[in-house]
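S.K.: Structure in structure tokens, see below.
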Amino acid sequence: MKYNQRFSLFIGFGLFAGCLSASGQVKQAKQEPSPPNIIIILTDDMGYGDVATFGGNFVQTPNIDRIASSGLKLNQYYSGAPICSPSRASLLTGMNPGRWNFTTFLDTKKHNRNAEQIDFLSTDAPSMARFFQEAGYATGHFGKWHMGGGRDVTGAPTFDQYGIDEHVSTYESPEPDPAITATNWIWSDQDSIKRWDRTKYFVDKTLDFMKRHKGTPCFVNLWPDDVHTPWVPRSGDEFNGKFPMDPQEEEAFKGVLKTYDVQIGRLLDGLQELGLAENTIIIFTSDNGPAPSFRGSRTGGFRGAKASLYEGGIRMPFIISWPGHTPAGKTDDRSELNATDLLPSLAKLSGVKLPDSYAGDGIDRSDLLLGKSSLRKKDMYWEYGRNDIAYNYPKGRDRSPRLAIRSGEWKLLMDSDGSKVELYNIIRDAKETTNLEASEAKIKKQLSDKLITWWKSLPKLPRN
């Protein structure tokens, strides 16, 4: 074969191979990235000041801090309510819990009637888990539920009716796990999984679920409950052999928090071993503030506590990590985020299309979760308490008025009859020490009018 012929064939083959290669590159470029896994770690009754990375000094929390070091920490994240049942409902539905007649924690039917609330979350309510399930996600719930079931409330909807494929939950649910519910209470000596191993059990279930569904995107609620009282740490030298300890003792709390952090580390390590860490969004936060304890130190200096609309009851630690997407080690002190924002924001990040009929109270803050700071351009509202029967806690200075609104730098609290008005510039006075309602009459009127209009828009149930 002549040189020119061989050269022509060589060039032709090279062009052909190049076209194949380019074609392959084009096809590869057109492949959509895999949807991220999502794990929402909702700690029960964890205060803003419990975690070391948020200034806590009870014990070192190196594993929770690991999430912050690889992700974004927000210092102005707000739960939807200052107590468990409504705060959880706000996160699941992306709506103010009062819209579904949640006003305080669910208890007996009598308590619920006195509180002017329902016995369980309606299945007509939107569900973040259901939206992700309908988009092809495997969905799991491992931990506390407290949105229906338990005590004398029977017939509450089962987990599958909220879009949850697999579940392991406590007695405050429609389908409690026998291993952790030998009795109808938070814990029992008869439980085969002891109180101090509860989070380990939930982490094991989470990792097993994700291992079995590897190749399918997973949405997981990991909602441990052991930071909630009673604190029952594993006995050992550090507790001088005392077991069980007085559940109100500070040392007992420290032991539980230390063990909890170890289990968060097991979760992170397990995701690495499964090869899932790089494409998993982890959110770490709390449902509401802590019970008043230890000289108020658990709230990080904020006024109030659990069941209070002061900052200590609703401003929570919040961390989000998604390697390669969230900025590593960044802290945002100014951008506000509400629990109701998580549903639309995570749907946007995951490519999950929400139904056209969905009308939540949250807004898409996905840009913020990816590190782009911005102020929230929508007011935030809270309600806690509709009468003096079921809402007599906390006492003293931590007891707040029953309604609150946060609008930009201002926060106003008052009762629904227009009394007990308190107004704070929450940026300059985060500890809510100086009531400006007398000197800022115009702002007081604007915000009180908004707050009463919002409260009147909520459905009301009669008290029997």
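Order determines the names: the first chain of the structure tokens is A, the second B, and so forth; residues in each chain are numbered 1 upward, and ligands are numbered 1 upward as they are shown.
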Taking the DSSP secondary structure from the backbone, can you list the residues of segment 290-356 of chain A that are strand (DSSP E or B), as a PyMOL selection string?
M.R.: chain A and resi 315-321+330-332+337-338
S.K.: Could the residues in this selection be saved with C-alpha atoms as an mmCIF file, in the first residue's frame?
M.R.:
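Final output, result-v3.cif:
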data_model
loop_
_atom_site.group_PDB
_atom_site.id
_atom_site.type_symbol
_atom_site.label_atom_id
_atom_site.label_comp_id
_atom_site.auth_asym_id
_atom_site.auth_seq_id
_atom_site.Cartn_x
_atom_site.Cartn_y
_atom_site.Cartn_z
ATOM 1 C CA ARG A 315 -33.869 29.066 67.624
ATOM 2 C CA MET A 316 -32.075 25.792 67.038
ATOM 3 C CA PRO A 317 -28.653 24.529 65.994
ATOM 4 C CA PHE A 318 -28.621 23.787 62.256
ATOM 5 C CA ILE A 319 -25.950 22.205 60.058
ATOM 6 C CA ILE A 320 -26.175 20.982 56.472
ATOM 7 C CA SER A 321 -23.452 19.022 54.701
ATOM 8 C CA LYS A 330 -18.786 28.073 56.668
ATOM 9 C CA THR A 331 -20.911 29.816 59.297
ATOM 10 C CA ASP A 332 -23.773 32.116 58.302
ATOM 11 C CA LEU A 337 -34.196 29.725 57.714
ATOM 12 C CA ASN A 338 -37.458 28.228 58.971
#
S.K.: Of the candidates A:His325, A:Arg113, A:His146, A:Lys353, which shows the shortest atom-to-atom distance to Met128 of chain A, using only C-alpha atoms?
M.R.: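 Using only C-alpha atoms, Met128 of chain A sits closest to A:Lys353.
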S.K.: Name all residues at most 12 Å from segment 293-302 of chain A (count only C-alpha atoms; drop same-chain ones fewer than 6 positions away) and give them as a PyMOL selection string.
M.R.: chain A and resi 45-59+75+227-229+247-254+257+286+308-317+394+397-398+426+429-433
S.K.: Residues near Ile282 of chain A, anyone? I mean within 12 Å using only C-alpha atoms, not counting same-chain ones fewer than 5 positions away, as number ranges by chain.
M.R.: A: 36-42, 64, 66-68, 70-73, 218-222, 264, 267-268, 271, 276-277, 318-323, 325-326, 346, 369
S.K.: Would you mind writing down, as a ChimeraX atom specification, each residue of segment 100-223 of chain A that DSSP on the backbone assigns to alpha helix (DSSP H)?
M.R.: /A:109-114,128-134,198-212
S.K.: Quick one: write out the picked residues with C-alpha atoms as a PDB file, in the first residue's frame?
M.R.:
ATOM      1  CA  LYS A 109     -57.502  12.363  74.174  1.00  0.00           C
ATOM      2  CA  LYS A 110     -58.582  14.442  77.160  1.00  0.00           C
ATOM      3  CA  HIS A 111     -55.400  16.499  77.079  1.00  0.00           C
ATOM      4  CA  ASN A 112     -55.765  17.039  73.344  1.00  0.00           C
ATOM      5  CA  ARG A 113     -59.342  18.252  73.722  1.00  0.00           C
ATOM      6  CA  ASN A 114     -58.284  20.619  76.503  1.00  0.00           C
ATOM      7  CA  MET A 128     -42.266  15.528  52.560  1.00  0.00           C
ATOM      8  CA  ALA A 129     -41.700  11.768  52.744  1.00  0.00           C
ATOM      9  CA  ARG A 130     -44.654  11.126  50.436  1.00  0.00           C
ATOM     10  CA  PHE A 131     -43.435  13.681  47.881  1.00  0.00           C
ATOM     11  CA  PHE A 132     -40.004  12.044  47.776  1.00  0.00           C
ATOM     12  CA  GLN A 133     -41.524   8.565  47.652  1.00  0.00           C
ATOM     13  CA  GLU A 134     -43.632   9.550  44.645  1.00  0.00           C
ATOM     14  CA  ARG A 198     -31.557   3.710  71.457  1.00  0.00           C
ATOM     15  CA  THR A 199     -29.691   5.991  69.042  1.00  0.00           C
ATOM     16  CA  LYS A 200     -27.306   3.153  68.145  1.00  0.00           C
ATOM     17  CA  TYR A 201     -30.369   1.101  67.214  1.00  0.00           C
ATOM     18  CA  PHE A 202     -31.740   3.883  65.009  1.00  0.00           C
ATOM     19  CA  VAL A 203     -28.356   4.444  63.334  1.00  0.00           C
ATOM     20  CA  ASP A 204     -28.036   0.708  62.637  1.00  0.00           C
ATOM     21  CA  LYS A 205     -31.492   0.689  61.071  1.00  0.00           C
ATOM     22  CA  THR A 206     -30.645   3.735  58.959  1.00  0.00           C
ATOM     23  CA  LEU A 207     -27.419   2.248  57.612  1.00  0.00           C
ATOM     24  CA  ASP A 208     -29.058  -1.106  56.929  1.00  0.00           C
ATOM     25  CA  PHE A 209     -31.897   0.620  55.076  1.00  0.00           C
ATOM     26  CA  MET A 210     -29.486   2.578  52.891  1.00  0.00           C
ATOM     27  CA  LYS A 211     -27.330  -0.479  52.236  1.00  0.00           C
ATOM     28  CA  ARG A 212     -30.328  -2.509  51.059  1.00  0.00           C
TER      29      ARG A 212
END
S.K.: Expressed in Å to a single decimal, how great is the separation between atom CA of Gly275 of chain A and atom CA of Asp44 of chain A?
M.R.: 28.4 Å
S.K.: Near Ala339 of chain A, within 6 Å and counting only C-alpha atoms, which residues show up once chain neighbours fewer than 6 positions away are dropped, as an MDAnalysis selection string?
M.R.: chainID A and resid 79:80 91
S.K.: Identify, on the basis of only C-alpha atoms, every residue whose closest approach to Ser192 of chain A does not exceed 9 Å; exclude the query and any residue fewer than 4 positions from it along the same chain; express the result as a PyMOL selection string.
M.R.: chain A and resi 178-182
S.K.: Which residues are close to segment 185-191 of chain A, i.e. within 9 Å by only C-alpha atoms, leaving aside same-chain residues fewer than 6 positions away? Reply as a list in words.
M.R.: Gly150, Arg151, Thr170, Tyr171, Glu172, Pro178, Ala179, Asp225, Thr229 and Pro230 of chain A
S.K.: Could you turn the residues from that selection into a file that holds N, CA and C atoms, as an mmCIF file, in the first residue's frame?
M.R.:
data_model
loop_
_atom_site.group_PDB
_atom_site.id
_atom_site.type_symbol
_atom_site.label_atom_id
_atom_site.label_comp_id
_atom_site.auth_asym_id
_atom_site.auth_seq_id
_atom_site.Cartn_x
_atom_site.Cartn_y
_atom_site.Cartn_z
ATOM 1 N N GLY A 150 -50.226 6.259 70.479
ATOM 2 C CA GLY A 150 -49.673 6.191 71.828
ATOM 3 C C GLY A 150 -50.688 6.631 72.865
ATOM 4 N N ARG A 151 -50.429 6.244 74.107
ATOM 5 C CA ARG A 151 -51.335 6.514 75.211
ATOM 6 C C ARG A 151 -52.716 5.928 74.883
ATOM 7 N N THR A 170 -40.865 4.869 68.422
ATOM 8 C CA THR A 170 -41.086 4.779 69.853
ATOM 9 C C THR A 170 -42.571 4.622 70.166
ATOM 10 N N TYR A 171 -42.891 4.643 71.459
ATOM 11 C CA TYR A 171 -44.287 4.408 71.851
ATOM 12 C C TYR A 171 -45.206 5.534 71.389
ATOM 13 N N GLU A 172 -44.662 6.733 71.129
ATOM 14 C CA GLU A 172 -45.472 7.855 70.671
ATOM 15 C C GLU A 172 -45.642 7.789 69.160
ATOM 16 N N PRO A 178 -41.510 -3.112 69.311
ATOM 17 C CA PRO A 178 -41.508 -3.829 70.596
ATOM 18 C C PRO A 178 -40.155 -3.823 71.300
ATOM 19 N N ALA A 179 -39.061 -3.721 70.542
ATOM 20 C CA ALA A 179 -37.738 -3.765 71.167
ATOM 21 C C ALA A 179 -37.481 -2.562 72.067
ATOM 22 N N ASP A 225 -34.287 10.229 70.252
ATOM 23 C CA ASP A 225 -35.006 10.874 71.352
ATOM 24 C C ASP A 225 -34.251 10.847 72.677
ATOM 25 N N THR A 229 -35.382 14.122 78.219
ATOM 26 C CA THR A 229 -35.438 13.408 79.495
ATOM 27 C C THR A 229 -36.358 12.195 79.375
ATOM 28 N N PRO A 230 -36.164 11.143 80.184
ATOM 29 C CA PRO A 230 -35.136 10.997 81.223
ATOM 30 C C PRO A 230 -33.785 10.636 80.623
#
S.K.: Of the residues A:Asp449, A:Asp388, A:Asp367, A:Asp341, which is the one nearest to Asn96 of chain A, using only C-alpha atoms?
M.R.: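 Closest candidate: A:Asp341.
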S.K.: Just to confirm, what's the straight-line distance from atom CA of Asp65 of chain A to atom CA of Phe284 of chain A in Å (one decimal)?
M.R.: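 One can read the atom CA of Asp65 of chain A to atom CA of Phe284 of chain A distance as 10.3 Å.
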